[in-house]
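Enquirer: My questions will all concern the structure given below.
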Amino acid sequence: MVESRIEQEMSGETLFCPVCGTSVERGMKHCPTCGAKLSFTICPGCHRPVVAEKFCPFCGTRLMPTSWKGIILMYLITVGSFFLLGVIAIVLLIALVVSFILISPIDPYTAIQMSNDFAFIYLALMNVSELIFLIPLIVYFKTPKKMLRAVGFVKQRILSSIPEEIVYALLGLFVSVILQSTLFYLGVIDVTPSVYTLNIYIMLALSLVVVAFSEEALFRGFFYQALSYRYNWIIAAVVSSIIFATVHPVYPTFIVAFLLGIVMCIIYEKSGKNLMSSTLFHYTYDLTIFVFPTILYLLS
């Protein structure tokens with residue numbers, strides 16, 4: 001049986017009741033001296049096992065929720081953020097359509113090119129709006145700096161793992177090309193090669209950084225990590241990937257998102273919870289999707 005992270009890392013540790021200071025052992029439900037209810041977890045900031053309160057007594061980082069109540073609450077906030085994104089999408093779409101109508105030229109070719117550019121501008125703006133997923137995390141961990149540390153976006157860890165991060169970035173590109181090619185030849189997706197301006201490609205590339213980081217911070221940095229402290233990593237990966245898939249509800253995106261969620265959980269876990277590793281995989285995967293039609297056209 002696969003042990004949970006808490007079971008693995010708390011063995012041999014001396015822990016104390018947060019109320020009266022009595023030495024307690026893992027597995028205890030209540031303090032033998034004062035009767036206080038005990039809940040064990042691991043600090044996402046300093047990675048030390050602690051008796052769960054709101055904050056780590058060693059580094060002050062807000063601890064991950066130790067009950068389903070906290071996880072479900074964050075999920076509901078995530079769903080609310082997703083619907084808010086929908087509202088933003090409608091507003092942006094209306095604004096762009098009105099702008100296009102007002103400045104649309106008479107020349108049909110130019111009009112088509114402008115409509116393509118407008119579509120990609122809309123997509124880029126929607127990508128940037130995914131920053132909304134970071135708001136509940138920042139509120140939960142109190143400051144952006146503490147949030148970054150808690151989800152695993154730490155400078156020292158990033159700089160010490162550059163070769164590994166490059167490998168994961170290339171892996172994301174490879175997986176995306178293979179998957180998109182397979183879906184295309186099976187007729188599941190249709191691609192129409194188009195030529196866009198360099199500025200549009202740059203805009204998309206930059207906006208996808210926001211998508212990759214925001215989603216990784218929330219779904220791997222928070223949901224997977226919180227679940228992995230409570231259960232073994234397999235259960236944590238499956239449940240967090242289901243949560244990840246629910247914000248990609250369109251077929252076959254839902255299934256692909258679930259499977260990729262599992263892969264990114266494995267990357268996050270194997271890299272020592274280095275968020276940069278899973279973020280780079282996520283980024284190159286998404287970026288390849290948008291340039292895939294052109295790549296496929298050039299290779300055909």
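Identifiers in this document derive from the order of the structure tokens: chains are assigned A, B, ..., residues are numbered from 1 separately in each chain, and ligands are numbered from 1 in order of occurrence.
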Neighbours of range 168-176 of chain A within 8 Å (only C-alpha atoms; same-chain residues fewer than 6 positions away dropped), as a CSV table (one decimal) with N, CA and C atoms, in the first residue's frame?
Expert:
chain,number,residue,atom,x,y,z
A,267,ILE,N,4.9,14.9,-13.0
A,267,ILE,CA,6.1,15.8,-13.1
A,267,ILE,C,6.3,16.6,-11.9
A,277,SER,N,8.7,23.1,-13.4
A,277,SER,CA,8.7,21.9,-14.2
A,277,SER,C,7.4,21.6,-14.9
A,278,SER,N,6.3,21.6,-14.1
A,278,SER,CA,5.0,21.3,-14.7
A,278,SER,C,4.5,22.5,-15.5
A,280,LEU,N,6.3,24.5,-17.3
A,280,LEU,CA,7.0,24.5,-18.7
A,280,LEU,C,6.4,23.4,-19.5
A,281,PHE,N,6.1,22.3,-19.0
A,281,PHE,CA,5.4,21.2,-19.7
A,281,PHE,C,4.1,21.7,-20.2
A,282,HIS,N,3.3,22.3,-19.4
A,282,HIS,CA,2.0,22.9,-19.7
A,282,HIS,C,2.1,23.9,-20.8
A,283,TYR,N,3.1,24.8,-20.6
A,283,TYR,CA,3.2,25.9,-21.6
A,283,TYR,C,3.6,25.4,-23.0
A,284,THR,N,4.6,24.6,-23.1
A,284,THR,CA,5.0,24.1,-24.4
A,284,THR,C,3.9,23.3,-25.1
A,285,TYR,N,3.1,22.6,-24.2
A,285,TYR,CA,2.0,21.8,-24.8
A,285,TYR,C,1.0,22.7,-25.4
A,286,ASP,N,0.6,23.7,-24.6
A,286,ASP,CA,-0.4,24.7,-25.1
A,286,ASP,C,0.1,25.5,-26.3
A,288,THR,N,2.2,24.6,-28.6
A,288,THR,CA,2.2,23.8,-29.7
A,288,THR,C,0.9,23.6,-30.4
A,289,ILE,N,-0.2,23.6,-29.5
A,289,ILE,CA,-1.5,23.5,-30.0
A,289,ILE,C,-1.9,24.6,-31.0
Enquirer: Could you pull the residues within 6 Å of range 136-152 of chain A, counting only C-alpha atoms, minus those fewer than 6 positions along the same chain, as a PyMOL selection string?
Expert: chain A and resi 44-45+62+217+221+273-275
Enquirer: Please, what distance in Å, to one decimal, runs between CA of Ile101 in chain A and CA of Val291 in chain A?
Expert: 27.4 Å
Enquirer: So how many Å separate CA of Ala236 in chain A and CA of Lys29 in chain A, to one decimal?
Expert: 22.5 Å
Enquirer: Can you work out which one of A:Ala119, A:Val97, A:Ala237, A:Leu186 has the shortest atom-to-atom distance to Leu260 in chain A, counting only C-alpha atoms?
Expert: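 Smallest distance to Leu260 in chain A is found for A:Ala237.
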Enquirer: Any idea what's packed within 9 Å of Ser241 in chain A, counting only C-alpha atoms, ignoring anything in its chain fewer than 2 positions away? Could you give it as a list of chain:residue names?
Expert: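 Contacts, with the query itself left out: A:Phe219, A:Arg220, A:Tyr224, A:Ala236, A:Ala237, A:Val238, A:Val239, A:Ile243, A:Phe244, A:Ala245, A:Thr246, A:Ala257, A:Phe258, A:Leu259, A:Leu260, A:Gly261, A:Ile262, A:Met264, A:Cys265.
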Enquirer: Tell me, as a list of chain:residue names, which residues lie within 8 Å of range 64-66 of chain A, counting only C-alpha atoms; anything in the same chain fewer than 4 positions away does not count.
Expert: A:Ser39, A:Phe40, A:Thr41, A:Cys43, A:Pro44, A:Ala52, A:Gly70, A:Ile71, A:Phe222, A:Gln225, A:Ala226, A:Tyr229, A:Arg230
Enquirer: How would the residues just chosen look if you wrote them out with N, CA, C and O atoms as a compact mmCIF listing (two decimals), in the first residue's frame?
Expert:
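Writing the result to again15.txt gives the following:
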# COMPACT_ATOMS: atom_id res chain seq x y z
N SER A 39 -4.72 17.36 14.13
CA SER A 39 -4.73 17.09 12.69
C SER A 39 -3.32 17.36 12.19
O SER A 39 -2.75 18.42 12.43
N PHE A 40 -2.73 16.38 11.51
CA PHE A 40 -1.34 16.48 11.09
C PHE A 40 -1.25 16.84 9.60
O PHE A 40 -2.04 16.40 8.78
N THR A 41 -0.26 17.64 9.30
CA THR A 41 -0.02 18.01 7.91
C THR A 41 1.45 18.37 7.73
O THR A 41 2.25 18.23 8.66
N CYS A 43 3.98 21.51 6.15
CA CYS A 43 4.01 22.90 5.69
C CYS A 43 4.46 22.95 4.24
O CYS A 43 5.51 22.40 3.89
N PRO A 44 3.70 23.61 3.36
CA PRO A 44 4.11 23.71 1.96
C PRO A 44 5.27 24.67 1.76
O PRO A 44 5.89 24.69 0.69
N ALA A 52 -1.49 20.49 12.50
CA ALA A 52 -2.16 21.52 11.70
C ALA A 52 -2.86 22.57 12.54
O ALA A 52 -3.65 22.26 13.43
N GLY A 70 -12.29 22.36 3.41
CA GLY A 70 -11.44 23.41 2.85
C GLY A 70 -11.18 23.21 1.37
O GLY A 70 -11.15 24.17 0.60
N ILE A 71 -10.99 21.95 0.96
CA ILE A 71 -10.72 21.66 -0.45
C ILE A 71 -11.95 21.95 -1.30
O ILE A 71 -11.86 22.54 -2.38
N PHE A 222 -1.89 23.76 -5.50
CA PHE A 222 -2.81 23.77 -4.37
C PHE A 222 -3.57 22.45 -4.23
O PHE A 222 -3.40 21.73 -3.25
N GLN A 225 -1.31 19.22 -4.16
CA GLN A 225 -0.46 19.22 -2.97
C GLN A 225 -1.28 18.99 -1.70
O GLN A 225 -0.89 18.20 -0.83
N ALA A 226 -2.42 19.67 -1.59
CA ALA A 226 -3.27 19.49 -0.41
C ALA A 226 -3.76 18.05 -0.30
O ALA A 226 -3.76 17.46 0.79
N TYR A 229 -1.02 15.46 0.78
CA TYR A 229 -0.70 15.44 2.20
C TYR A 229 -1.70 14.58 2.98
O TYR A 229 -1.39 14.05 4.03
N ARG A 230 -2.89 14.46 2.42
CA ARG A 230 -3.95 13.71 3.10
C ARG A 230 -4.02 12.26 2.62
O ARG A 230 -4.34 11.36 3.40
Enquirer: Compile the contact shell of Leu125 in chain A as a ChimeraX atom specification: residues with an atom at most 10 Å away, counting only C-alpha atoms, same-chain residues fewer than 5 positions apart removed.
Expert: /A:88-89,92,119-120,130,203-204,207
Enquirer: Please list as number ranges by chain every residue within 9 Å of Ala36 in chain A, counting only C-alpha atoms and excluding residues in the same chain fewer than 5 positions away.
Expert: A: 17-20, 29-31
Enquirer: May I have the residues from that selection written out with all heavy atoms, as a short mmCIF file (atom, residue, chain, number, x, y, z; two decimals), in the first residue's frame?
Expert:
data_model
loop_
_atom_site.label_atom_id
_atom_site.label_comp_id
_atom_site.auth_asym_id
_atom_site.auth_seq_id
_atom_site.Cartn_x
_atom_site.Cartn_y
_atom_site.Cartn_z
N CYS A 17 1.39 19.27 20.80
CA CYS A 17 0.03 19.81 20.78
C CYS A 17 0.10 21.33 20.68
O CYS A 17 0.83 21.97 21.46
CB CYS A 17 -0.71 19.39 22.04
SG CYS A 17 -2.33 20.20 22.22
N PRO A 18 -0.63 21.93 19.75
CA PRO A 18 -0.58 23.39 19.61
C PRO A 18 -1.26 24.14 20.75
O PRO A 18 -1.08 25.35 20.88
CB PRO A 18 -1.32 23.62 18.28
CG PRO A 18 -2.25 22.47 18.16
CD PRO A 18 -1.51 21.30 18.76
N VAL A 19 -2.02 23.42 21.59
CA VAL A 19 -2.74 24.08 22.68
C VAL A 19 -1.93 24.08 23.97
O VAL A 19 -1.70 25.12 24.59
CB VAL A 19 -4.11 23.40 22.91
CG1 VAL A 19 -4.83 24.05 24.10
CG2 VAL A 19 -4.97 23.50 21.66
N CYS A 20 -1.47 22.87 24.37
CA CYS A 20 -0.77 22.78 25.66
C CYS A 20 0.71 22.44 25.54
O CYS A 20 1.44 22.48 26.53
CB CYS A 20 -1.46 21.75 26.55
SG CYS A 20 -1.33 20.06 25.94
N LYS A 29 -5.70 11.25 17.60
CA LYS A 29 -6.82 12.10 17.22
C LYS A 29 -6.99 13.27 18.18
O LYS A 29 -7.48 14.33 17.81
CB LYS A 29 -8.11 11.28 17.18
CG LYS A 29 -8.08 10.12 16.19
CD LYS A 29 -7.98 10.61 14.76
CE LYS A 29 -8.04 9.44 13.78
NZ LYS A 29 -7.92 9.88 12.37
N HIS A 30 -6.57 13.05 19.44
CA HIS A 30 -6.72 14.09 20.45
C HIS A 30 -5.48 14.12 21.34
O HIS A 30 -4.80 13.11 21.51
CB HIS A 30 -7.96 13.84 21.32
CG HIS A 30 -9.25 13.89 20.55
ND1 HIS A 30 -9.94 15.05 20.32
CD2 HIS A 30 -9.97 12.90 19.95
CE1 HIS A 30 -11.03 14.79 19.62
NE2 HIS A 30 -11.07 13.49 19.38
N CYS A 31 -5.20 15.28 21.88
CA CYS A 31 -4.08 15.43 22.81
C CYS A 31 -4.40 14.68 24.10
O CYS A 31 -5.50 14.85 24.67
CB CYS A 31 -3.84 16.91 23.11
SG CYS A 31 -2.61 17.20 24.40
#
Enquirer: Per DSSP on the backbone, filter range 34-243 of chain A down to the residues in helix (DSSP H, G or I) and report them as number ranges by chain.
Expert: A: 68-103, 108-141, 144-151, 155-159, 162-185, 198-230, 233-243
Enquirer: Please indicate the distance in Å from CA of Leu84 in chain A to CA of Val247 in chain A, rounded to one decimal place.
Expert: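 Between these atoms lies a distance of 12.1 Å.
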